[in-house]
file protein.cif (mmCIF, C-alpha atoms)
data_query
#
loop_
_atom_site.label_atom_id
_atom_site.label_comp_id
_atom_site.auth_asym_id
_atom_site.auth_seq_id
_atom_site.Cartn_x
_atom_site.Cartn_y
_atom_site.Cartn_z
CA MET J 28 5.47 -39.43 -0.49
CA ALA J 29 1.99 -38.47 -1.61
CA GLN J 30 0.72 -39.07 1.88
CA SER J 31 3.30 -36.80 3.51
CA LEU J 32 2.61 -34.15 0.86
CA ALA J 33 -1.06 -34.16 1.75
CA LYS J 34 -0.18 -34.10 5.43
CA GLU J 35 2.07 -31.04 5.04
CA PHE J 36 -0.61 -29.30 3.02
CA THR J 37 -3.55 -30.01 5.31
CA LYS J 38 -1.79 -29.21 8.58
CA GLY J 39 -1.93 -25.51 7.70
CA LEU J 40 -5.67 -25.69 7.20
CA TRP J 41 -6.50 -26.74 10.75
CA ALA J 42 -3.86 -28.20 13.06
CA GLU J 43 -1.37 -25.36 12.48
CA MET J 44 -3.71 -22.67 11.17
CA PRO J 45 -1.48 -19.63 11.65
CA PRO J 46 -3.40 -16.97 13.60
CA PHE J 47 -5.61 -19.35 15.57
CA ARG J 48 -3.43 -22.36 16.34
CA LEU J 49 0.06 -20.89 16.13
CA VAL J 50 -1.09 -17.39 17.16
CA LEU J 51 1.49 -15.90 14.80
CA GLY J 52 1.36 -12.95 12.41
CA LEU J 53 -1.32 -11.10 14.36
CA CYS J 54 -0.43 -7.64 13.08
CA PRO J 55 -2.12 -8.01 9.67
CA VAL J 56 -4.83 -10.21 11.18
CA LEU J 57 -5.94 -7.43 13.50
CA ALA J 58 -5.28 -4.54 11.16
CA VAL J 59 -6.77 -5.44 7.80
CA THR J 60 -9.76 -7.64 8.64
CA LYS J 61 -12.34 -4.89 8.44
CA SER J 62 -13.98 -6.71 5.55
CA VAL J 63 -13.88 -10.13 3.92
CA GLU J 64 -12.41 -8.56 0.80
CA ASN J 65 -9.44 -7.09 2.66
CA GLY J 66 -8.87 -10.39 4.46
CA ILE J 67 -8.84 -12.38 1.25
CA GLY J 68 -6.59 -9.87 -0.51
CA MET J 69 -4.07 -9.89 2.31
CA GLY J 70 -4.28 -13.69 2.55
CA VAL J 71 -3.66 -14.22 -1.16
CA ALA J 72 -0.70 -11.80 -1.12
CA THR J 73 0.80 -13.63 1.86
CA THR J 74 0.16 -17.03 0.26
CA PHE J 75 2.01 -15.97 -2.90
CA VAL J 76 4.98 -14.82 -0.84
CA LEU J 77 4.91 -17.98 1.32
CA VAL J 78 4.84 -20.38 -1.63
CA PHE J 79 7.63 -18.73 -3.59
CA SER J 80 9.87 -17.92 -0.64
CA ASN J 81 9.49 -21.49 0.63
CA LEU J 82 10.34 -22.83 -2.84
CA LEU J 83 13.43 -20.67 -3.21
CA VAL J 84 14.68 -21.16 0.34
CA SER J 85 14.26 -24.90 -0.05
CA LEU J 86 16.12 -24.95 -3.41
CA LEU J 87 18.97 -22.89 -1.98
CA ARG J 88 19.05 -24.54 1.43
CA ASN J 89 22.37 -26.33 0.79
CA ILE J 90 24.04 -23.26 -0.67
CA ILE J 91 23.05 -20.66 1.94
CA PRO J 92 25.68 -20.56 4.73
CA ALA J 93 24.08 -21.11 8.15
CA LYS J 94 25.50 -17.90 9.61
CA VAL J 95 23.85 -15.59 7.11
CA ARG J 96 20.68 -17.62 6.54
CA ILE J 97 18.30 -15.10 8.11
CA ALA J 98 19.68 -12.30 5.95
CA CYS J 99 19.31 -14.49 2.86
CA PHE J 100 15.74 -15.45 3.78
CA ILE J 101 14.81 -11.81 4.28
CA VAL J 102 16.27 -10.87 0.89
CA ILE J 103 14.24 -13.64 -0.78
CA ILE J 104 11.05 -12.75 1.10
CA ALA J 105 11.45 -9.01 0.49
CA THR J 106 11.90 -9.63 -3.24
CA PHE J 107 8.59 -11.47 -3.51
CA VAL J 108 6.81 -8.95 -1.30
CA THR J 109 7.97 -6.14 -3.58
CA ILE J 110 6.75 -8.10 -6.61
CA VAL J 111 3.34 -8.52 -4.94
CA GLU J 112 3.24 -4.82 -4.11
CA LEU J 113 4.05 -3.77 -7.68
CA MET J 114 1.58 -6.27 -9.15
CA MET J 115 -1.17 -5.14 -6.80
CA GLN J 116 -0.51 -1.51 -7.72
CA ALA J 117 -0.64 -2.37 -11.40
CA TYR J 118 -3.71 -4.60 -11.45
CA ALA J 119 -5.70 -4.17 -8.20
CA TYR J 120 -5.11 -0.56 -7.19
CA GLN J 121 -8.25 -0.21 -5.06
CA LEU J 122 -7.21 -3.19 -2.95
CA PHE J 123 -3.74 -1.69 -2.70
CA LEU J 124 -5.28 1.54 -1.37
CA LYS J 125 -7.11 -0.39 1.34
CA LEU J 126 -4.22 -2.64 2.39
CA GLY J 127 -1.64 0.11 1.91
CA ILE J 128 1.23 -0.09 4.33
CA PHE J 129 0.43 -3.66 5.39
CA ILE J 130 1.64 -5.14 2.10
CA PRO J 131 5.31 -4.13 2.59
CA LEU J 132 4.96 -5.32 6.18
CA ILE J 133 4.54 -8.92 4.97
CA VAL J 134 8.37 -8.92 4.89
CA VAL J 135 8.46 -8.96 8.67
CA ASN J 136 5.44 -11.23 9.09
CA CYS J 137 6.74 -13.98 11.37
CA ILE J 138 4.69 -16.67 9.61
CA VAL J 139 6.66 -16.22 6.39
CA LEU J 140 10.08 -16.12 8.04
CA GLY J 141 8.96 -18.88 10.40
CA ARG J 142 8.10 -21.28 7.55
CA SER J 143 11.43 -20.52 5.82
CA GLU J 144 13.43 -21.11 8.98
CA ALA J 145 11.47 -23.98 10.52
CA PHE J 146 10.38 -25.86 7.42
CA ALA J 147 11.75 -24.90 4.01
CA SER J 148 15.40 -24.74 5.10
CA LYS J 149 15.18 -28.40 6.21
CA ASN J 150 12.94 -29.95 3.56
CA GLY J 151 12.79 -30.50 -0.19
CA PRO J 152 11.20 -28.04 -2.62
CA ILE J 153 7.96 -29.94 -3.36
CA VAL J 154 7.05 -30.53 0.29
CA SER J 155 7.98 -26.91 1.06
CA VAL J 156 5.61 -25.61 -1.61
CA ALA J 157 2.84 -27.81 -0.17
CA ASP J 158 3.61 -26.47 3.29
CA GLY J 159 3.60 -22.86 2.10
CA LEU J 160 0.37 -23.34 0.16
CA GLY J 161 -1.36 -25.01 3.12
CA ILE J 162 -0.28 -22.42 5.64
CA GLY J 163 -1.13 -19.65 3.17
CA ILE J 164 -4.64 -20.96 2.51
CA GLY J 165 -5.16 -21.48 6.24
CA PHE J 166 -4.06 -17.89 6.82
CA THR J 167 -6.40 -16.63 4.09
CA MET J 168 -9.32 -18.57 5.57
CA SER J 169 -8.60 -17.21 9.04
CA LEU J 170 -8.44 -13.62 7.77
CA ALA J 171 -11.57 -14.06 5.69
CA SER J 172 -13.54 -15.59 8.56
CA LEU J 173 -12.49 -12.93 11.06
CA GLY J 174 -13.19 -10.32 8.36
CA ALA J 175 -16.64 -11.83 7.83
CA VAL J 176 -17.50 -11.67 11.53
CA ARG J 177 -16.29 -8.09 11.84
CA GLU J 178 -17.83 -6.83 8.63
CA PHE J 179 -21.16 -8.54 9.31
CA LEU J 180 -21.50 -7.18 12.84
CA GLY J 181 -19.86 -3.83 12.19
CA ASN J 182 -21.41 -2.95 8.84
CA GLY J 183 -24.16 -5.46 8.14
CA THR J 184 -22.62 -6.56 4.83
CA LEU J 185 -20.33 -9.19 3.39
CA THR J 186 -18.06 -8.05 0.56
CA ILE J 187 -16.02 -10.41 -1.58
CA TRP J 188 -14.61 -8.20 -4.32
CA GLU J 189 -14.28 -4.54 -5.38
CA GLY J 190 -16.64 -3.06 -2.79
CA LEU J 191 -19.71 -4.91 -4.06
CA PRO J 192 -21.57 -6.48 -1.12
CA VAL J 193 -22.83 -9.97 -1.97
CA PHE J 194 -24.93 -9.88 1.15
CA SER J 195 -26.46 -6.96 2.96
CA MET J 196 -28.76 -6.68 5.97
CA GLY J 197 -30.45 -3.65 4.44
CA PRO J 198 -30.94 -0.16 5.87
CA ASP J 199 -32.87 -1.33 8.96
CA PHE J 200 -29.79 -3.04 10.37
CA ILE J 201 -28.15 -1.07 13.17
CA PRO J 202 -24.42 -1.78 12.83
CA PHE J 203 -22.26 -2.61 15.81
CA ARG J 204 -19.47 -0.15 14.83
CA PHE J 205 -17.23 -1.25 17.66
CA MET J 206 -16.34 -4.38 15.67
CA LEU J 207 -14.71 -2.29 12.94
CA GLU J 208 -12.43 -0.50 15.41
CA ALA J 209 -9.12 -1.99 16.56
CA PRO J 210 -10.45 -3.23 19.95
CA GLY J 211 -13.21 -5.04 18.05
CA ALA J 212 -10.50 -6.98 16.22
CA PHE J 213 -9.02 -8.18 19.52
CA VAL J 214 -12.43 -9.17 20.88
CA GLY J 215 -13.37 -10.91 17.62
CA LEU J 216 -10.08 -12.78 17.47
CA GLY J 217 -10.37 -13.78 21.13
CA LEU J 218 -13.89 -15.13 20.68
CA MET J 219 -12.84 -17.08 17.58
CA LEU J 220 -9.88 -18.57 19.47
CA PHE J 221 -12.28 -19.55 22.24
CA LEU J 222 -14.65 -21.24 19.79
CA MET J 223 -11.81 -23.08 18.07
CA ASN J 224 -10.48 -24.34 21.37
CA LEU J 225 -13.90 -25.73 22.26
CA ILE J 226 -13.36 -28.25 19.47
CA PRO J 227 -11.12 -30.92 20.99
CA GLN J 228 -7.82 -31.60 19.26
CA LYS J 229 -6.75 -35.14 18.59
CA MET P 4 38.34 -17.73 5.54
CA ARG P 5 36.57 -20.09 3.13
CA GLU P 6 33.36 -19.66 5.09
CA MET P 7 33.70 -15.90 5.02
CA ILE P 8 34.12 -15.89 1.24
CA SER P 9 31.14 -18.18 0.74
CA MET P 10 28.96 -15.93 2.90
CA ILE P 11 30.00 -12.86 0.94
CA VAL P 12 29.53 -14.54 -2.42
CA VAL P 13 26.10 -16.00 -1.58
CA LEU P 14 24.71 -12.76 -0.18
CA THR P 15 26.14 -10.69 -3.03
CA VAL P 16 24.78 -12.97 -5.73
CA LEU P 17 21.41 -13.24 -4.02
CA THR P 18 20.93 -9.50 -3.60
CA ALA P 19 22.19 -8.80 -7.13
CA VAL P 20 19.80 -11.33 -8.67
CA SER P 21 16.85 -10.06 -6.65
CA GLY P 22 17.72 -6.47 -7.49
CA GLY P 23 17.84 -7.34 -11.18
CA LEU P 24 14.54 -9.21 -10.98
CA LEU P 25 12.82 -6.33 -9.21
CA ALA P 26 14.14 -3.84 -11.75
CA LYS P 27 12.64 -5.98 -14.51
CA VAL P 28 9.25 -6.25 -12.73
CA GLN P 29 9.29 -2.55 -11.94
CA SER P 30 9.99 -1.51 -15.51
CA SER P 31 7.35 -3.84 -16.91
CA THR P 32 4.60 -2.64 -14.54
CA GLU P 33 5.56 1.04 -14.64
CA VAL P 34 3.14 2.16 -17.34
CA GLN P 35 0.23 0.21 -15.86
CA ILE P 36 0.88 1.63 -12.36
CA GLU P 37 1.08 5.13 -13.81
CA ASN P 38 -2.37 4.63 -15.37
CA GLN P 39 -3.81 3.31 -12.11
CA VAL P 40 -2.39 6.25 -10.13
CA LEU P 41 -3.89 8.63 -12.66
CA LYS P 42 -7.27 6.92 -12.38
CA PHE P 43 -7.49 6.36 -8.63
CA GLN P 44 -5.35 9.14 -7.14
CA LYS P 45 -4.90 12.09 -9.46
CA ALA P 46 -8.35 12.07 -11.06
CA PRO P 47 -10.30 12.09 -7.75
CA ALA P 48 -7.98 14.81 -6.40
CA ILE P 49 -8.52 16.99 -9.47
CA LYS P 50 -12.28 16.34 -9.40
CA SER P 51 -12.48 17.43 -5.80
CA ILE P 52 -10.49 20.62 -6.48
CA PHE P 53 -12.43 21.52 -9.65
CA PRO P 54 -15.89 20.11 -8.94
CA ASP P 55 -17.71 21.71 -11.87
CA VAL P 56 -15.56 22.74 -14.79
CA ALA P 57 -16.60 22.49 -18.43
CA ASN P 58 -13.65 20.47 -19.70
CA ASP P 59 -12.09 17.21 -18.54
CA PRO P 60 -8.68 18.21 -17.12
CA ILE P 61 -7.52 14.57 -17.16
CA ALA P 62 -8.22 14.11 -20.88
CA ASP P 63 -6.73 17.53 -21.73
CA ARG P 64 -3.48 16.95 -19.83
CA PHE P 65 -0.18 17.85 -21.49
CA THR P 66 3.49 17.81 -20.59
CA VAL P 67 5.69 20.88 -20.35
CA GLU P 68 9.45 20.82 -20.44
CA ALA P 69 12.08 23.40 -19.54
CA ASP P 70 15.63 23.21 -18.10
CA ASP P 71 15.49 19.35 -17.92
CA MET P 72 12.27 19.60 -15.91
CA LYS P 73 9.25 17.66 -17.06
CA LEU P 74 5.80 18.25 -15.68
CA GLN P 75 2.39 16.78 -16.37
CA VAL P 76 -0.17 19.60 -16.33
CA PHE P 77 -3.96 19.34 -16.02
CA PRO P 78 -5.48 22.53 -17.50
CA THR P 79 -8.95 23.94 -17.01
CA LYS P 80 -10.96 27.15 -17.10
CA LEU P 81 -12.72 28.42 -13.97
CA SER P 82 -16.29 29.70 -13.89
CA ASP P 83 -15.06 33.33 -13.68
CA GLY P 84 -13.17 32.85 -16.95
CA SER P 85 -9.63 32.68 -15.54
CA LYS P 86 -7.32 29.87 -16.53
CA ALA P 87 -6.10 27.36 -13.99
CA VAL P 88 -3.78 24.37 -13.92
CA ALA P 89 -3.23 21.48 -11.56
CA PHE P 90 -0.01 19.51 -11.26
CA GLU P 91 1.51 17.03 -8.85
CA THR P 92 4.66 17.51 -6.78
CA LYS P 93 6.39 15.37 -4.15
CA GLY P 94 7.68 15.83 -0.64
CA THR P 95 9.35 13.28 1.63
CA GLY P 96 7.21 11.94 4.46
CA PHE P 97 7.46 9.26 7.11
CA GLY P 98 7.05 6.32 4.76
CA GLY P 99 8.53 7.68 1.55
CA PRO P 100 7.39 10.23 -1.02
CA VAL P 101 4.09 12.04 -0.50
CA GLY P 102 2.31 13.34 -3.58
CA LEU P 103 0.50 16.67 -3.57
CA MET P 104 -1.86 17.85 -6.29
CA VAL P 105 -1.57 21.63 -6.47
CA ALA P 106 -4.04 23.77 -8.40
CA VAL P 107 -3.03 27.32 -9.30
CA ASN P 108 -5.00 30.15 -10.87
CA LEU P 109 -2.81 31.25 -13.80
CA ASP P 110 -4.25 34.77 -13.89
CA SER P 111 -3.98 35.69 -10.21
CA ASP P 112 -1.07 33.32 -9.34
CA LYS P 113 -2.96 32.14 -6.27
CA VAL P 114 -3.30 28.59 -4.99
CA ILE P 115 -6.85 27.34 -5.60
CA ASP P 116 -6.56 24.23 -3.48
CA VAL P 117 -4.23 21.31 -2.79
CA ARG P 118 -4.89 17.61 -2.19
CA MET P 119 -2.68 14.81 -0.91
CA THR P 120 -2.41 11.91 -3.40
CA THR P 121 0.02 8.96 -3.25
CA HIS P 122 1.63 8.23 0.11
CA ALA P 123 2.79 5.48 2.47
CA GLU P 124 2.04 7.27 5.75
CA THR P 125 0.87 5.67 8.98
CA PRO P 126 -2.88 4.87 8.89
CA GLY P 127 -4.79 7.04 11.35
CA ILE P 128 -1.89 9.46 11.91
CA GLY P 129 -0.24 10.69 8.71
CA THR P 130 -3.37 9.88 6.71
CA LYS P 131 -5.24 12.65 8.58
CA ALA P 132 -3.66 15.03 6.09
CA LYS P 133 -5.60 13.27 3.34
CA ASP P 134 -8.88 12.61 5.14
CA ASP P 135 -9.24 15.88 7.03
CA LEU P 136 -9.40 18.70 4.51
CA SER P 137 -8.98 21.43 7.14
CA PHE P 138 -5.21 20.99 6.93
CA VAL P 139 -4.88 21.33 3.16
CA SER P 140 -7.44 24.16 3.10
CA GLN P 141 -4.78 26.35 4.75
CA PHE P 142 -3.12 26.58 1.34
CA THR P 143 -6.21 27.99 -0.36
CA ALA P 144 -5.84 31.49 -1.81
CA LEU P 145 -2.18 31.91 -0.81
CA PRO P 146 -0.18 33.71 -3.52
CA VAL P 147 2.22 31.20 -5.08
CA MET P 148 5.07 33.55 -5.95
CA ASP P 149 5.75 35.05 -2.53
CA THR P 150 4.49 32.76 0.21
CA ASN P 151 6.73 30.72 2.47
CA PHE P 152 4.89 27.39 2.39
CA ASN P 153 6.87 25.90 5.27
CA LEU P 154 5.45 25.02 8.68
CA LYS P 155 5.20 27.85 11.19
CA GLY P 156 8.06 26.34 13.18
CA SER P 157 10.34 26.75 10.16
CA GLY P 158 9.29 30.30 9.43
CA GLY P 159 6.36 29.54 7.16
CA VAL P 160 2.62 30.08 7.40
CA ILE P 161 1.20 26.55 7.72
CA ASP P 162 0.00 25.00 10.98
CA ALA P 163 1.08 21.36 11.35
CA ILE P 164 -1.38 18.59 12.25
CA SER P 165 -0.62 17.70 15.86
CA GLY P 166 0.94 14.26 16.02
CA ALA P 167 1.65 14.20 12.30
CA THR P 168 4.43 16.77 11.96
CA VAL P 169 6.47 14.67 9.52
CA THR P 170 3.57 14.25 7.12
CA SER P 171 2.60 17.93 7.47
CA ASN P 172 6.17 18.85 6.69
CA ALA P 173 6.17 16.54 3.66
CA ILE P 174 3.15 18.37 2.27
CA CYS P 175 4.82 21.73 2.92
CA LEU P 176 7.96 20.51 1.14
CA ALA P 177 5.82 19.46 -1.82
CA ALA P 178 4.21 22.91 -1.82
CA VAL P 179 7.63 24.58 -1.75
CA ASN P 180 8.61 22.37 -4.71
CA ALA P 181 5.41 23.38 -6.46
CA LYS P 182 6.30 27.04 -6.01
CA GLU P 183 9.74 26.49 -7.53
CA ILE P 184 8.35 24.47 -10.44
CA TYR P 185 5.58 26.98 -11.08
CA GLN P 186 8.00 29.91 -11.13
CA LYS P 187 10.19 28.12 -13.67
CA LEU P 188 7.53 26.62 -15.89
CA LYS P 189 4.77 29.22 -15.87
CA PRO P 190 5.77 30.87 -19.20
CA GLU P 191 5.96 27.44 -20.81
CA ILE P 192 2.54 26.42 -19.42
CA ILE P 193 0.92 29.60 -20.70
CA LYS P 194 2.48 29.09 -24.12
CA GLN P 195 0.97 25.60 -24.38
CA MET P 196 -2.43 26.57 -22.98
CA LYS P 197 -3.29 28.61 -26.08
#

call {"tool": "encode", "arguments": {"input": "protein.cif", "output": "structure tokens"}}
result
Amino acid sequence: MAQSLAKEFTKGLWAEMPPFRLVLGLCPVLAVTKSVENGIGMGVATTFVLVFSNLLVSLLRNIIPAKVRIACFIVIIATFVTIVELMMQAYAYQLFLKLGIFIPLIVVNCIVLGRSEAFASKNGPIVSVADGLGIGIGFTMSLASLGAVREFLGNGTLTIWEGLPVFSMGPDFIPFRFMLEAPGAFVGLGLMLFLMNLIPQK
Amino acid sequence: MREMISMIVVLTVLTAVSGGLLAKVQSSTEVQIENQVLKFQKAPAIKSIFPDVANDPIADRFTVEADDMKLQVFPTKLSDGSKAVAFETKGTGFGGPVGLMVAVNLDSDKVIDVRMTTHAETPGIGTKAKDDLSFVSQFTALPVMDTNFNLKGSGGVIDAISGATVTSNAICLAAVNAKEIYQKLKPEIIKQMK
């Protein structure tokens, strides 16, 4: 039991890391990773939604009729997304201003619905929470790492929280602004996929 | 038949419970969100409209009421001695309500400036209205009482941002609302300003 729990948790961190291995949920990955801070914020919001929607879907999996399961999943997911949105407005308004429209869009993020449909609706609540947590943390790490690459090249800084750079190249650094634009996100993601695929999978 | 009933019951119960939960969360975060909006949306908008006034319009804010209308008013005094107020109105945009901070000179009844505040518009398209001040500067110095604040296409005087007509229209709607509110509440505002 403990072994399978650990397995479900760790698979999200590498073997099924959402944007890189599954290549799912690319909309927020490309859109919000202008800085590490945005990446982490988006990742944490998605993780919260993943964990709780997985838990609820898994608890209700024997009650939800198969024919309306997608509608039920969406209701559950949308509820948690709205909670995240309200909480972020109440306690982290600056982050909310930066992530803006992409928070409500978590509802249609295929990772969240994908975990409900492919995993939580077939497994018990504890394993589902482990799965959601693993995938969520993997997603957060992916967003943060892509955000780090883009922010470092495009702005010469690394920002963890509230606009305060923990690392800065100083005024002599000539930023590569292209990385902060949308095409830079595609190029950055492509290069990271390339690097990850250089590492052989078992 | 049994399956049909179970589908209806499950979906109904699920949506009702989630609706109830969200109402609870919404009501418990309402005050906190209101404070955050004041701090991060309204205050910067007011500061940018009134860059150097003697008082703090945020701290001096008051609420006026008339005919079941309630309005939060941010009062100040301009450098030429005339009184001015700022208040927020809403219009409906592409992604929901769009807030507009409108500042009016109480003595001349002219718009001083407007700023877009809360919104859920498309980044890079609708948000131009907030980032590019040349759109909102069209409202400057228009007389509040007798200007048609609609877009030129609807008989008004405002040029829309190309590609962002819905957002432009939302701001115009908010300005039209502001006109209506101002006409109704002006006597009340002046009474409380003393």

call {"tool": "resolve_selection", "arguments": {"input": "protein.cif", "expression": "the PyMOL selection byres ((chain P) within 9 of (chain J))", "output": "number ranges by chain"}}
result
P: 6, 9-10, 13-14, 17-18, 21-22, 24-25, 28-29, 32-40, 43, 98, 122-126

call {"tool": "closest_residue", "arguments": {"input": "protein.cif", "among": "P:Leu81, P:Ala89, P:Leu145, P:Ala173", "to": "Ala48 in chain P", "atoms": "all atoms listed in the file"}}
result
P:Ala89

call {"tool": "atom_distance", "arguments": {"input": "protein.cif", "atom1": "CA of Gly141 in chain J", "atom2": "CA of Leu57 in chain J"}}
result
19.0 Å

call {"tool": "resolve_selection", "arguments": {"input": "protein.cif", "expression": "the PyMOL selection byres ((chain P and resi 147-161) around 10)", "output": "ChimeraX atom specification"}}
result
/P:107-108,111-115,138-139,141-142,144-146,162-164,168,171-183,185-186

call {"tool": "closest_residue", "arguments": {"input": "protein.cif", "among": "P:Lys93, P:Lys131, P:Lys80, P:Lys45", "to": "Met196 in chain P", "atoms": "all atoms listed in the file"}}
result
P:Lys80

call {"tool": "atom_distance", "arguments": {"input": "protein.cif", "atom1": "CA of Gly68 in chain J", "atom2": "CA of Val111 in chain J"}}
result
11.0 Å

call {"tool": "closest_residue", "arguments": {"input": "protein.cif", "among": "J:Ala157, J:Leu220, J:Ile101, J:Val108", "to": "Glu144 in chain J", "atoms": "all atoms listed in the file"}}
result
J:Ile101

call {"tool": "resolve_selection", "arguments": {"input": "protein.cif", "expression": "the PyMOL selection byres ((chain J and resi 156) around 8)", "output": "PyMOL selection string"}}
result
chain J and resi 78-79+81-82+152-155+157-160

call {"tool": "residues_around", "arguments": {"input": "protein.cif", "residues": "Gly161 in chain J", "least_positions_apart": "5", "cutoff": "7 Å", "atoms": "only C-alpha atoms", "output": "PyMOL selection string"}}
result
chain J and resi 36-40

call {"tool": "residues_around", "arguments": {"input": "protein.cif", "residues": "Ala46 in chain P", "least_positions_apart": "5", "cutoff": "10 Å", "atoms": "all atoms listed in the file", "output": "number ranges by chain"}}
result
P: 39-41, 51-52, 59-61, 77, 104, 120

call {"tool": "residues_around", "arguments": {"input": "protein.cif", "residues": "Gly151 in chain J", "least_positions_apart": "6", "cutoff": "9 Å", "atoms": "all atoms listed in the file", "output": "list in words"}}
result
Leu82, Ser85, Leu86 and Arg88 of chain J

call {"tool": "write_last_selection", "arguments": {"input": "protein.cif", "atoms": "C-alpha atoms", "output": "tab-separated table (two decimals), in the coordinates of the input"}}
result
chain	number	residue	atom	x	y	z
J	82	LEU	CA	10.34	-22.83	-2.84
J	85	SER	CA	14.26	-24.90	-0.05
J	86	LEU	CA	16.12	-24.95	-3.41
J	88	ARG	CA	19.05	-24.54	1.43
